[in-house]
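Below is run_25.cif, holding mmCIF, C-alpha atoms and all ligand atoms.
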data_upload
loop_
_atom_site.label_atom_id
_atom_site.label_comp_id
_atom_site.auth_asym_id
_atom_site.auth_seq_id
_atom_site.Cartn_x
_atom_site.Cartn_y
_atom_site.Cartn_z
CA MET A 241 29.31 -9.88 7.53
CA GLU A 242 25.67 -10.87 8.05
CA ILE A 243 23.45 -7.81 8.25
CA ASP A 244 20.94 -7.72 11.09
CA ILE A 245 18.19 -5.82 9.30
CA SER A 246 16.10 -5.41 12.46
CA LYS A 247 18.80 -3.07 13.84
CA ILE A 248 18.60 -0.68 10.85
CA ASP A 249 16.10 2.19 10.65
CA SER A 250 13.44 1.01 8.26
CA ILE A 251 10.36 2.42 6.51
CA ASN A 252 7.84 1.26 3.97
CA VAL A 253 7.55 3.64 1.04
CA GLY A 254 4.69 3.51 -1.45
CA ILE A 255 5.18 4.42 -5.09
CA VAL A 256 2.01 5.94 -6.47
CA GLY A 257 0.81 7.94 -9.46
CA HIS A 258 -0.93 7.76 -12.81
CA ILE A 259 -0.61 4.77 -15.14
CA ASP A 260 2.63 4.54 -17.13
CA HIS A 261 4.25 7.48 -15.38
CA GLY A 262 7.18 5.20 -14.58
CA LYS A 263 6.62 3.90 -11.03
CA THR A 264 7.81 0.33 -11.58
CA THR A 265 10.75 1.50 -13.71
CA LEU A 266 11.80 3.93 -10.97
CA LEU A 267 11.55 1.19 -8.38
CA GLN A 268 13.68 -1.09 -10.51
CA LYS A 269 16.38 1.54 -10.86
CA LEU A 270 16.32 2.28 -7.13
CA THR A 271 16.44 -1.34 -5.96
CA GLY A 272 17.59 -3.47 -8.89
CA LYS A 273 14.33 -5.42 -8.69
CA TRP A 274 11.46 -5.51 -11.17
CA ALA A 275 8.30 -5.65 -9.05
CA ASP A 276 5.91 -6.74 -11.82
CA THR A 277 6.16 -10.52 -11.74
CA HIS A 278 2.72 -11.83 -12.64
CA SER A 279 2.36 -13.22 -16.15
CA GLU A 280 -0.55 -10.87 -16.78
CA GLU A 281 1.54 -7.89 -15.66
CA LEU A 282 4.44 -8.87 -17.88
CA LYS A 283 2.14 -9.44 -20.85
CA ARG A 284 0.33 -6.13 -20.53
CA GLY A 285 3.22 -4.04 -19.23
CA ILE A 286 1.19 -2.66 -16.34
CA THR A 287 1.20 -3.27 -12.61
CA ILE A 288 -1.89 -5.17 -11.44
CA LYS A 289 -1.08 -6.36 -7.92
CA LEU A 290 0.87 -4.61 -5.20
CA GLY A 291 4.56 -5.13 -5.94
CA TYR A 292 7.46 -5.30 -3.50
CA ALA A 293 11.14 -4.50 -3.64
CA ASP A 294 13.66 -3.42 -1.05
CA ALA A 295 17.08 -1.85 -0.75
CA ILE A 296 19.69 -0.85 1.79
CA ILE A 297 20.78 2.77 1.40
CA ARG A 298 24.43 3.49 2.15
CA GLU A 299 26.23 6.78 2.37
CA GLU A 300 29.69 7.17 0.92
CA ASN A 301 31.42 10.55 0.87
CA GLY A 302 28.10 12.40 1.19
CA LYS A 303 26.56 10.41 -1.70
CA TYR A 304 23.69 8.00 -1.23
CA THR A 305 23.58 4.69 -3.03
CA THR A 306 21.84 1.32 -3.10
CA ASN A 307 24.78 -0.30 -4.86
CA LYS A 308 25.53 -3.56 -3.07
CA GLU A 309 29.26 -3.17 -3.73
CA SER A 310 29.38 0.11 -1.82
CA LYS A 311 31.50 0.11 1.32
CA GLY A 312 29.62 3.14 2.66
CA LYS A 313 27.88 3.40 6.00
CA ILE A 314 24.44 1.80 6.16
CA VAL A 315 21.88 4.54 6.72
CA ARG A 316 18.52 2.98 6.10
CA TYR A 317 16.62 -0.06 4.94
CA ILE A 318 13.69 0.76 2.68
CA THR A 319 10.92 -1.58 1.64
CA PHE A 320 8.81 -0.31 -1.23
CA VAL A 321 5.24 -1.03 -2.24
CA ASP A 322 4.59 -0.49 -5.92
CA ALA A 323 0.99 0.52 -6.58
CA PRO A 324 -0.85 0.09 -9.87
CA GLY A 325 -1.80 3.30 -11.66
CA HIS A 326 -4.64 1.90 -13.75
CA GLU A 327 -7.97 3.54 -12.90
CA MET A 328 -9.68 0.16 -12.45
CA LEU A 329 -7.14 -0.79 -9.77
CA MET A 330 -7.78 2.05 -7.35
CA ALA A 331 -8.92 -0.39 -4.65
CA THR A 332 -5.57 -2.14 -4.81
CA MET A 333 -3.78 1.18 -4.45
CA LEU A 334 -5.91 2.00 -1.42
CA SER A 335 -5.08 -1.25 0.33
CA GLY A 336 -1.41 -0.57 -0.40
CA ALA A 337 -1.74 2.91 1.08
CA ALA A 338 -2.77 1.31 4.36
CA ILE A 339 0.73 -0.05 4.88
CA MET A 340 2.80 2.91 3.65
CA ASP A 341 4.84 5.02 6.10
CA ALA A 342 5.76 7.48 3.35
CA ALA A 343 5.18 7.81 -0.37
CA ILE A 344 6.77 8.81 -3.64
CA LEU A 345 4.26 10.43 -5.98
CA VAL A 346 5.45 10.00 -9.55
CA VAL A 347 4.36 12.57 -12.14
CA ALA A 348 5.59 12.17 -15.71
CA ALA A 349 6.89 15.57 -16.85
CA ASN A 350 5.55 15.05 -20.36
CA GLU A 351 2.00 14.36 -19.17
CA GLY A 352 1.57 16.33 -15.95
CA ILE A 353 -1.14 15.88 -13.35
CA LYS A 354 -3.59 13.21 -14.50
CA PRO A 355 -6.76 11.73 -12.93
CA GLN A 356 -4.98 9.01 -10.92
CA THR A 357 -2.27 11.46 -9.82
CA GLU A 358 -5.12 13.31 -8.16
CA GLU A 359 -6.93 10.24 -6.90
CA HIS A 360 -3.78 8.66 -5.42
CA PHE A 361 -2.76 11.94 -3.82
CA VAL A 362 -6.13 12.30 -2.11
CA ALA A 363 -5.83 8.72 -0.87
CA LEU A 364 -2.45 9.56 0.69
CA LYS A 365 -4.01 12.58 2.38
CA ALA A 366 -6.89 10.50 3.70
CA LYS A 367 -4.53 7.83 5.03
CA LYS A 368 -2.66 10.65 6.77
CA ILE A 369 0.64 9.89 5.04
CA LYS A 370 2.58 13.02 5.76
CA ASN A 371 5.93 12.23 4.20
CA ILE A 372 5.50 12.60 0.47
CA ILE A 373 8.31 13.01 -2.04
CA ILE A 374 7.28 14.11 -5.52
CA VAL A 375 9.23 12.75 -8.45
CA GLN A 376 8.97 14.58 -11.74
CA ASN A 377 9.86 11.66 -13.99
CA LYS A 378 10.73 11.32 -17.69
CA ILE A 379 12.55 14.64 -17.84
CA ASP A 380 14.50 13.16 -20.75
CA LEU A 381 11.34 13.55 -22.84
CA VAL A 382 10.81 17.28 -22.29
CA SER A 383 12.61 20.54 -22.95
CA LYS A 384 13.86 22.71 -20.12
CA GLU A 385 10.91 25.10 -20.61
CA GLU A 386 8.41 22.22 -20.50
CA ALA A 387 10.07 20.84 -17.36
CA ILE A 388 9.69 24.21 -15.63
CA LYS A 389 6.06 24.48 -16.72
CA ASN A 390 5.40 21.00 -15.37
CA TYR A 391 7.17 21.90 -12.10
CA GLU A 392 4.86 24.90 -11.73
CA GLU A 393 1.82 22.75 -12.44
CA ILE A 394 2.89 20.38 -9.63
CA LYS A 395 3.52 23.30 -7.27
CA LYS A 396 0.00 24.59 -7.92
CA PHE A 397 -1.43 21.11 -7.44
CA VAL A 398 0.07 20.71 -3.95
CA LYS A 399 -0.50 24.28 -2.79
CA GLY A 400 -2.32 24.34 0.54
CA THR A 401 -1.99 20.57 1.03
CA ILE A 402 0.18 18.33 3.20
CA ALA A 403 2.66 18.15 0.33
CA GLU A 404 2.97 21.91 -0.08
CA ASN A 405 6.59 21.79 1.05
CA SER A 406 7.44 18.38 -0.35
CA SER A 407 10.55 18.16 -2.47
CA ILE A 408 9.96 17.91 -6.18
CA ILE A 409 12.84 15.97 -7.70
CA PRO A 410 13.38 16.03 -11.48
CA VAL A 411 14.35 12.52 -12.56
CA SER A 412 14.74 10.28 -15.53
CA ALA A 413 14.20 6.78 -14.19
CA LYS A 414 15.02 5.29 -17.55
CA GLN A 415 18.32 7.13 -17.91
CA GLU A 416 19.09 6.98 -14.18
CA ILE A 417 19.33 10.73 -13.74
CA ASN A 418 19.14 12.21 -10.24
CA LEU A 419 18.14 8.99 -8.48
CA GLU A 420 20.60 9.57 -5.63
CA LYS A 421 18.61 12.68 -4.68
CA ILE A 422 15.57 10.48 -4.05
CA LEU A 423 17.70 8.24 -1.81
CA GLU A 424 18.94 11.26 0.08
CA PHE A 425 15.39 12.42 0.76
CA LEU A 426 14.32 8.91 1.77
CA CYS A 427 17.07 8.99 4.39
CA LYS A 428 15.73 12.25 5.80
CA ILE A 429 12.22 11.04 6.51
CA GLU A 430 11.60 11.07 10.20
CA ILE A 431 11.08 7.64 11.72
CA LYS A 432 8.33 7.41 14.27
CA LYS A 433 9.17 5.76 17.57
CA PRO A 434 7.00 2.66 17.96
CA GLN A 435 4.46 2.64 20.77
CA GLU A 436 5.50 0.45 23.67
CA GLY A 437 3.34 -2.16 25.34
CA VAL A 438 0.63 -2.47 22.70
CA ASN A 439 -0.71 -5.62 21.09
CA PRO A 440 0.60 -6.37 17.62
CA ILE A 441 -1.59 -5.56 14.63
CA PHE A 442 -0.43 -6.92 11.29
CA TYR A 443 -2.27 -5.89 8.13
CA ILE A 444 -2.18 -8.57 5.46
CA ALA A 445 -1.73 -7.09 1.99
CA ARG A 446 -0.78 -10.28 0.12
CA SER A 447 -0.69 -13.98 0.92
CA PHE A 448 1.13 -16.77 -0.85
CA ASP A 449 1.88 -20.43 -1.25
CA ILE A 450 5.59 -20.37 -2.12
CA ASN A 451 5.97 -24.11 -2.68
CA LYS A 452 6.89 -25.30 -6.16
CA PRO A 453 4.69 -28.08 -7.53
CA GLY A 454 6.13 -31.48 -6.62
CA THR A 455 7.89 -30.37 -3.40
CA LYS A 456 8.33 -33.26 -0.93
CA ILE A 457 6.01 -33.02 2.06
CA GLU A 458 8.89 -32.62 4.54
CA ASP A 459 10.22 -29.66 2.52
CA LEU A 460 6.91 -27.79 2.27
CA HIS A 461 6.71 -24.24 3.57
CA GLY A 462 3.65 -23.09 5.49
CA GLY A 463 1.40 -20.27 4.27
CA ILE A 464 3.06 -16.85 3.88
CA LEU A 465 1.48 -13.56 4.93
CA GLY A 466 2.88 -10.35 3.41
CA GLY A 467 2.06 -6.93 4.81
CA ALA A 468 3.05 -4.51 7.51
CA LEU A 469 3.05 -4.48 11.27
CA LYS A 470 1.15 -1.40 12.31
CA GLN A 471 1.98 -1.64 15.98
CA GLY A 472 3.45 -3.95 18.61
CA VAL A 473 6.04 -6.70 18.26
CA LEU A 474 5.89 -10.14 16.64
CA ARG A 475 8.37 -12.93 17.37
CA ILE A 476 9.16 -16.31 15.94
CA GLY A 477 7.14 -18.89 17.84
CA ASP A 478 4.25 -16.50 18.61
CA LYS A 479 0.85 -18.10 18.43
CA ILE A 480 -1.23 -15.94 16.12
CA GLU A 481 -4.76 -15.64 14.83
CA ILE A 482 -6.01 -14.26 11.53
CA LYS A 483 -9.38 -12.63 10.98
CA PRO A 484 -11.77 -12.76 9.17
CA GLY A 485 -9.80 -15.89 8.26
CA TYR A 486 -11.03 -18.80 6.25
CA SER A 487 -14.29 -18.39 4.35
CA TYR A 488 -16.63 -21.17 3.32
CA LYS A 489 -20.12 -21.37 1.93
CA LYS A 490 -22.94 -22.48 4.21
CA HIS A 491 -26.59 -22.37 3.11
CA ASN A 492 -25.75 -19.98 0.28
CA ALA A 493 -23.96 -17.49 2.51
CA TYR A 494 -20.29 -17.15 3.41
CA GLU A 495 -19.16 -17.88 6.92
CA TYR A 496 -15.76 -17.04 8.35
CA LYS A 497 -13.57 -18.97 10.70
CA THR A 498 -10.67 -17.38 12.56
CA LEU A 499 -7.44 -19.13 11.61
CA LYS A 500 -4.96 -19.97 14.32
CA SER A 501 -1.32 -20.64 13.66
CA LYS A 502 2.25 -20.10 14.77
CA ILE A 503 5.05 -17.95 13.36
CA ILE A 504 7.76 -20.19 11.89
CA SER A 505 9.97 -17.50 10.39
CA MET A 506 9.89 -13.86 9.34
CA LYS A 507 11.61 -11.93 6.60
CA LYS A 508 12.12 -8.33 5.66
CA GLY A 509 12.97 -8.63 1.98
CA ASP A 510 15.64 -11.34 1.80
CA TYR A 511 16.70 -10.84 5.41
CA SER A 512 15.50 -13.13 8.16
CA VAL A 513 14.47 -11.59 11.47
CA THR A 514 13.55 -13.23 14.75
CA GLU A 515 11.61 -10.26 16.04
CA ALA A 516 9.69 -7.63 14.07
CA LYS A 517 8.71 -4.12 15.00
CA PRO A 518 6.75 -1.57 12.93
CA GLY A 519 8.55 0.07 9.98
CA GLY A 520 8.98 -1.56 6.62
CA SER A 521 7.04 -4.46 5.21
CA LEU A 522 7.25 -7.98 6.53
CA ALA A 523 6.63 -11.53 5.33
CA ILE A 524 5.55 -14.07 7.92
CA GLU A 525 5.80 -17.81 7.40
CA THR A 526 3.12 -19.58 9.39
CA GLU A 527 2.26 -23.19 10.08
CA LEU A 528 -0.89 -22.77 8.00
CA ASP A 529 -1.71 -25.18 5.22
CA PRO A 530 -0.38 -23.19 2.23
CA THR A 531 -3.51 -23.89 0.22
CA LEU A 532 -5.28 -21.52 2.64
CA SER A 533 -2.95 -18.64 1.82
CA LYS A 534 -2.36 -19.14 -1.88
CA ALA A 535 -3.26 -16.48 -4.45
CA ASP A 536 -3.87 -13.70 -1.91
CA ALA A 537 -6.70 -15.65 -0.28
CA LEU A 538 -5.97 -14.01 3.08
CA SER A 539 -5.21 -10.49 1.86
CA GLY A 540 -7.28 -7.85 3.59
CA GLY A 541 -7.16 -9.78 6.84
CA VAL A 542 -5.62 -8.81 10.15
CA ALA A 543 -3.27 -10.92 12.25
CA SER A 544 -2.32 -10.60 15.89
CA VAL A 545 -1.31 -12.78 18.79
CA GLU A 546 -4.09 -15.07 19.96
CA GLY A 547 -7.04 -13.59 21.77
CA VAL A 548 -6.60 -9.87 21.21
CA LEU A 549 -8.50 -9.05 18.01
CA SER A 550 -12.09 -7.90 18.34
CA GLN A 551 -14.97 -9.85 16.81
CA ILE A 552 -15.39 -9.47 13.08
CA SER A 553 -18.34 -7.38 12.04
CA GLU A 554 -20.65 -7.35 9.04
CA SER A 555 -22.33 -4.16 10.10
CA ILE A 556 -20.48 -0.91 10.73
CA LYS A 557 -21.34 2.63 11.71
CA ILE A 558 -19.18 5.33 10.23
CA ASN A 559 -18.83 9.07 10.12
CA TYR A 560 -18.26 10.22 6.59
CA GLU A 561 -17.47 13.16 4.41
CA LEU A 562 -17.99 13.30 0.65
CA PHE A 563 -15.83 15.19 -1.82
CA ASN A 564 -17.38 17.96 -3.89
CA GLU A 565 -16.30 16.25 -7.08
CA VAL A 566 -15.88 12.64 -8.17
CA LEU A 567 -12.18 11.89 -8.46
CA GLY A 568 -10.31 9.85 -10.99
CA THR A 569 -12.44 10.38 -14.09
CA GLY A 570 -10.70 13.45 -15.46
CA LYS A 571 -14.10 15.12 -15.71
CA ARG A 572 -15.47 17.58 -13.22
CA GLU A 573 -18.70 16.01 -12.04
CA SER A 574 -20.23 16.58 -8.64
CA VAL A 575 -20.87 13.79 -6.16
CA GLY A 576 -24.62 13.32 -5.88
CA GLU A 577 -26.34 12.33 -2.65
CA LEU A 578 -26.03 8.88 -1.16
CA LYS A 579 -29.21 6.83 -1.05
CA ILE A 580 -30.50 4.14 1.23
CA ASN A 581 -29.70 0.63 -0.10
CA GLU A 582 -26.99 1.98 -2.38
CA MET A 583 -23.93 -0.28 -2.69
CA LEU A 584 -20.56 1.33 -1.95
CA MET A 585 -17.05 -0.02 -2.12
CA ILE A 586 -15.37 0.36 1.23
CA SER A 587 -11.65 0.06 1.72
CA LEU A 588 -10.50 -0.26 5.28
CA ASN A 589 -6.81 -0.82 5.96
CA THR A 590 -5.87 -3.56 3.50
CA SER A 591 -9.39 -4.93 3.14
CA ILE A 592 -11.80 -4.15 0.35
CA THR A 593 -15.47 -4.92 0.72
CA VAL A 594 -18.82 -3.87 -0.63
CA GLY A 595 -21.35 -2.39 1.75
CA GLN A 596 -25.02 -1.54 1.45
CA ILE A 597 -26.30 1.61 3.09
CA LYS A 598 -28.84 0.66 5.75
CA LYS A 599 -29.27 4.00 7.52
CA ILE A 600 -27.95 7.39 6.60
CA ASP A 601 -27.92 10.97 7.71
CA LYS A 602 -25.79 13.98 6.96
CA ASN A 603 -22.54 12.87 8.59
CA SER A 604 -22.96 9.24 9.50
CA MET A 605 -24.25 6.00 8.07
CA GLU A 606 -24.70 2.34 8.83
CA LEU A 607 -23.54 -0.22 6.30
CA SER A 608 -24.06 -3.92 5.90
CA LEU A 609 -20.87 -5.46 4.52
CA LYS A 610 -20.44 -8.37 2.14
CA ILE A 611 -17.07 -9.34 3.60
CA PRO A 612 -16.78 -8.73 7.33
CA ILE A 613 -13.98 -6.61 8.78
CA VAL A 614 -12.09 -6.36 12.04
CA PRO A 615 -13.27 -2.95 13.22
CA PHE A 616 -10.86 -0.60 14.97
CA ARG A 617 -12.46 2.59 16.20
CA GLY A 618 -11.20 5.70 14.40
CA ASP A 619 -9.70 3.83 11.45
CA SER A 620 -10.14 5.69 8.21
CA LEU A 621 -11.87 4.13 5.25
CA GLY A 622 -12.22 5.04 1.61
CA ILE A 623 -15.69 5.24 0.06
CA ALA A 624 -16.16 4.58 -3.64
CA ARG A 625 -19.27 4.54 -5.79
CA ASN A 626 -19.86 2.64 -8.99
CA LEU A 627 -20.15 5.02 -11.91
CA ASN A 628 -20.41 3.50 -15.38
CA GLY A 629 -18.82 0.28 -14.23
CA HIS A 630 -15.87 1.87 -12.38
CA TRP A 631 -15.44 2.32 -8.66
CA ARG A 632 -14.72 6.00 -8.15
CA LEU A 633 -13.52 7.52 -4.93
CA ILE A 634 -16.19 9.88 -3.61
CA GLY A 635 -15.20 10.37 0.00
CA PHE A 636 -13.72 9.10 3.23
CA GLY A 637 -15.05 7.92 6.54
CA GLU A 638 -14.05 6.83 9.98
CA ILE A 639 -15.31 3.92 12.07
CA GLN A 640 -17.43 5.07 15.01
N1 LIG B 701 11.65 8.17 -21.60
C1 LIG B 701 11.39 7.68 -20.41
N2 LIG B 701 10.57 6.63 -20.30
C2 LIG B 701 10.33 6.12 -19.07
C3 LIG B 701 10.92 6.68 -17.90
N3 LIG B 701 10.46 5.97 -16.84
C4 LIG B 701 9.66 5.01 -17.32
N4 LIG B 701 9.56 5.09 -18.67
C5 LIG B 701 8.77 4.22 -19.57
O1 LIG B 701 7.38 4.40 -19.30
C6 LIG B 701 6.66 3.19 -19.51
C7 LIG B 701 5.85 2.85 -18.28
O2 LIG B 701 6.72 2.54 -17.22
P1 LIG B 701 6.26 1.73 -15.91
O3 LIG B 701 7.41 1.83 -14.97
O4 LIG B 701 5.74 0.40 -16.24
O5 LIG B 701 5.05 2.64 -15.43
P2 LIG B 701 4.11 2.44 -14.15
O6 LIG B 701 3.88 3.79 -13.59
O7 LIG B 701 4.69 1.42 -13.24
O8 LIG B 701 2.78 1.90 -14.80
P3 LIG B 701 1.53 1.17 -14.04
O9 LIG B 701 2.13 0.28 -13.00
O10 LIG B 701 0.80 0.38 -15.06
O11 LIG B 701 0.71 2.25 -13.46
C8 LIG B 701 7.71 2.14 -19.86
O12 LIG B 701 7.74 2.00 -21.25
C9 LIG B 701 9.01 2.74 -19.33
O13 LIG B 701 10.14 2.30 -20.03
C10 LIG B 701 11.79 7.81 -18.05
O14 LIG B 701 12.35 8.37 -17.11
N5 LIG B 701 11.98 8.25 -19.33
MG MG B 702 3.88 -0.27 -12.50
#
Would you mind giving the structure from this file in C-alpha cells?
Ligand SMILES: Nc1nc2c(ncn2[C@@H]2O[C@H](COP(=O)(O)OP(=O)(O)OP(=O)(O)O)[C@@H](O)[C@H]2O)c(=O)[nH]1
Ligand SMILES: [Mg+2]
Amino acid sequence: MEIDISKIDSINVGIVGHIDHGKTTLLQKLTGKWADTHSEELKRGITIKLGYADAIIREENGKYTTNKESKGKIVRYITFVDAPGHEMLMATMLSGAAIMDAAILVVAANEGIKPQTEEHFVALKAKKIKNIIIVQNKIDLVSKEEAIKNYEEIKKFVKGTIAENSSIIPVSAKQEINLEKILEFLCKIEIKKPQEGVNPIFYIARSFDINKPGTKIEDLHGGILGGALKQGVLRIGDKIEIKPGYSYKKHNAYEYKTLKSKIISMKKGDYSVTEAKPGGSLAIETELDPTLSKADALSGGVASVEGVLSQISESIKINYELFNEVLGTGKRESVGELKINEMLMISLNTSITVGQIKKIDKNSMELSLKIPIVPFRGDSLGIARNLNGHWRLIGFGEIQ
C-alpha cells in the first residue's frame, strides 16, 4: 500500500555533538542511510555539509523499529538533519539548528563533554529547542564504572538547563545496542499543532541541481530547495518567491534579485506530497533554472508564496546578550567588549552573513550586513567573533 506521509505525525530531529562522537554512524543505524555523501566527506571521514536521512517508526508488540519489513503500526515519520561536529563548521550547525524541531545530543562515553558538545548545546538552547534527547554513545569502548562516571558528567552538564530532565540513553551505535530506546523517545516528543491561517515561511538549508550531466532537455528537473517549512501550508502549483534570491555583481558590489517560481513537486524523504505543513524537512522542486540552485547557491534564503515576504535588509538592529566565556575553544577565556566597526558572523535562521558593527550600546547594536537577510522581528540570531582564524560563538541576539 502507498503510504501517504503527509497523514503521519512528523518531526525534524537534529543530530548534534562533538566531532567523531558518532552522529553520522548513529543516523545510519537508525535509518539505514549514510548521510555523508560528498566526496570530501567520504575522503576525510567527517561531516561537512548538513546531511539528511529519514525513517518511518513502527511499533510492534511494544517495540519500536525502523525496519521496513515490520508489519507494526506506523507511529511517526522522522526526518533527521545530521550536523557536522568540526569546530570550523559551527556556522553550518547553526543553520541546521534553525530547522530542527527536536535534537539528539551525542556524547561519546569515552571522551565526555567536549568543546563542541557545549557549543552545540548552547545553540540548541538559543534556538529554543526544548525537546532534547541525550545519547551516551560508544558504550562498547568503556567499562561499567567509566560509563557511570560519564553519565554523572552529563547530568552535571545539563543541571539547571532545558535538558535537565532529558533522557540519557546509553548506546553503542556501532554495535546497535539500545537503538530502539531512542526510537521510543522520538515517538514521545510532543508535536506542536501548526498555526492556522498564516503565510508560509520556508527556510532553505540546501539547494541542488539534481540533473545528471547529459540529461535531455525535456527530462530536466527544475531547481530543488531543501529545508523546513516553519509555518503555513505549501501546495503543488503555488507561485512562490525566494529572497534574497539571485545575486550578481554590479559596479563591484553584489545586488540581489527576488526569484519567482512555481512548485512542481514536493517530497518528504522519498515520499511525494501534494501539500506540506510544518514538521519534518521538505524538498521542493521548482520551475527554476537548476543552475540557479546548484551547489547550495540558494541556501540561507527564505521562500514563501508571492508577495508576502518583507523587503530584504542589509542593515539590522538587534538586541543582544554576550556569554561570559567564549565557547567552543576548550579554554576558559572571557568575551571581551564589542567595538565599533568590528566584524561579526551572524547566523539568522538558515542564513549566515558577516556584519559590521555600526552603532552599539549595552544591549543593542546596529549592523551592516554583507549578505542581506529577510528580517522577521523577534527571530533569534547567533553572534560569533573571529578569534585566531575561527568563528567562535560569543552570544545571541534578537531582531528588533
Ligand atoms: N566503538 C565505537 N565506535 C563508534 C561508535 N559510533 C561511531 N563510532 C566510530 O566513530 C568514528 C566517527 O563516527 P562518525 O559517525 O563519523 O562521527 P560524527 O559524529 O558523525 O563525526 P563528524 O560528523 O565529523 O562530527 C567512526 O570511526 C565510527 O565508526 C560506537 O558506538 N562504538
Ligand atoms: Mg558526521
Of the candidates A:Ala543, A:Ala331, A:Ile457, A:Val346, which shows the shortest atom-to-atom distance to A:Ile422, using only C-alpha atoms?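 For A:Ile422, the nearest of the given residues is A:Val346.
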Surrounding residues as a ChimeraX atom specification, ligand LIG 701 (chain B), max 9 Å, all atoms listed in the file: /A:255-268,275-276,281,284-289,322-327,346-348,376-381,411-417
Nearest candidate to A:Glu430 (options A:Ala342, A:Ala537, A:Leu329, A:Val594; using all atoms listed in the file):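 Smallest separation from A:Glu430 among the options: A:Ala342.
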Skip A:Thr526 itself and residues of its chain fewer than 6 positions away, then list as a ChimeraX atom specification all residues within 9 Å of it, counting only C-alpha atoms. /A:461-465,480,501-506
Write a file of the selected residues as a PDB file, in the frame of the given file, keeping C-alpha atoms.
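Heads up, here's the output in part-v4.pdb:
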ATOM      1  CA  HIS A 461       6.710 -24.240   3.570  1.00  0.00           C
ATOM      2  CA  GLY A 462       3.650 -23.090   5.490  1.00  0.00           C
ATOM      3  CA  GLY A 463       1.400 -20.270   4.270  1.00  0.00           C
ATOM      4  CA  ILE A 464       3.060 -16.850   3.880  1.00  0.00           C
ATOM      5  CA  LEU A 465       1.480 -13.560   4.930  1.00  0.00           C
ATOM      6  CA  ILE A 480      -1.230 -15.940  16.120  1.00  0.00           C
ATOM      7  CA  SER A 501      -1.320 -20.640  13.660  1.00  0.00           C
ATOM      8  CA  LYS A 502       2.250 -20.100  14.770  1.00  0.00           C
ATOM      9  CA  ILE A 503       5.050 -17.950  13.360  1.00  0.00           C
ATOM     10  CA  ILE A 504       7.760 -20.190  11.890  1.00  0.00           C
ATOM     11  CA  SER A 505       9.970 -17.500  10.390  1.00  0.00           C
ATOM     12  CA  MET A 506       9.890 -13.860   9.340  1.00  0.00           C
TER      13      MET A 506
END
Which neighbours of A:Pro434 fall inside 8 Å, counting all atoms listed in the file, when residues of the same chain fewer than 5 positions from it are skipped, and could you give them as a PyMOL selection string? chain A and resi 471-472+517-518
Correct to one decimal, the distance atom CA of A:Glu436-atom CA of A:Leu474 is 12.7 Å
Name the residues in contact with stretch 632-638 of chain A at a cut-off of 9 Å, using only C-alpha atoms, excluding same-chain residues fewer than 4 positions from it; report them as a ChimeraX atom specification. /A:327-328,330,359,363,366,557-569,575,585,604,617-627
Leaving out A:Glu299 and any residue of its chain fewer than 3 positions from it, which residues lie within 6 Å of it when counting all atoms listed in the file, given as a list of chain:residue names?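 Neighbouring residues, sequence-local ones excluded: A:Lys303, A:Tyr304, A:Gly312, A:Lys313.
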For ligand MG 702 (chain B), the nearest of the candidates A:Val362, A:Ile592, A:Leu290, A:Val513, counting all atoms listed in the file: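 Of A:Val362, A:Ile592, A:Leu290, A:Val513, the one nearest ligand MG 702 (chain B), counting all atoms listed in the file, is A:Leu290.
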Mind checking which residues fall within 7 Å of A:Ser487, counting all atoms listed in the file, ignoring those fewer than 3 positions away in the same chain, and posting them as a PyMOL selection string? chain A and resi 494-497
Quick one: distance from atom CA of A:Leu460 to atom CA of A:Glu242 in Å, one decimal?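 We find that atom CA of A:Leu460 and atom CA of A:Glu242 lie 25.9 Å from each other.
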Give as a VMD selection string every residue, naming chains and numbers as the document does, that has an atom within 8 Å of (-10.5, -6.3, 10.4), counting all atoms listed in the file. chain A and resid 483 to 484 540 to 542 552 588 to 589 591 612 to 616
Export of prior selection with C-alpha atoms as a short mmCIF file (atom, residue, chain, number, x, y, z; two decimals), in the coordinates of the input:
data_model
loop_
_atom_site.label_atom_id
_atom_site.label_comp_id
_atom_site.auth_asym_id
_atom_site.auth_seq_id
_atom_site.Cartn_x
_atom_site.Cartn_y
_atom_site.Cartn_z
CA LYS A 483 -9.38 -12.63 10.98
CA PRO A 484 -11.77 -12.76 9.17
CA GLY A 540 -7.28 -7.85 3.59
CA GLY A 541 -7.16 -9.78 6.84
CA VAL A 542 -5.62 -8.81 10.15
CA ILE A 552 -15.39 -9.47 13.08
CA LEU A 588 -10.50 -0.26 5.28
CA ASN A 589 -6.81 -0.82 5.96
CA SER A 591 -9.39 -4.93 3.14
CA PRO A 612 -16.78 -8.73 7.33
CA ILE A 613 -13.98 -6.61 8.78
CA VAL A 614 -12.09 -6.36 12.04
CA PRO A 615 -13.27 -2.95 13.22
CA PHE A 616 -10.86 -0.60 14.97
#
Given all atoms listed in the file as the counted atoms, nearest of A:Gly291, A:Ile408, A:Gly254, A:Leu426 to A:Ala343: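 Using all atoms listed in the file, A:Ala343 sits closest to A:Gly254.
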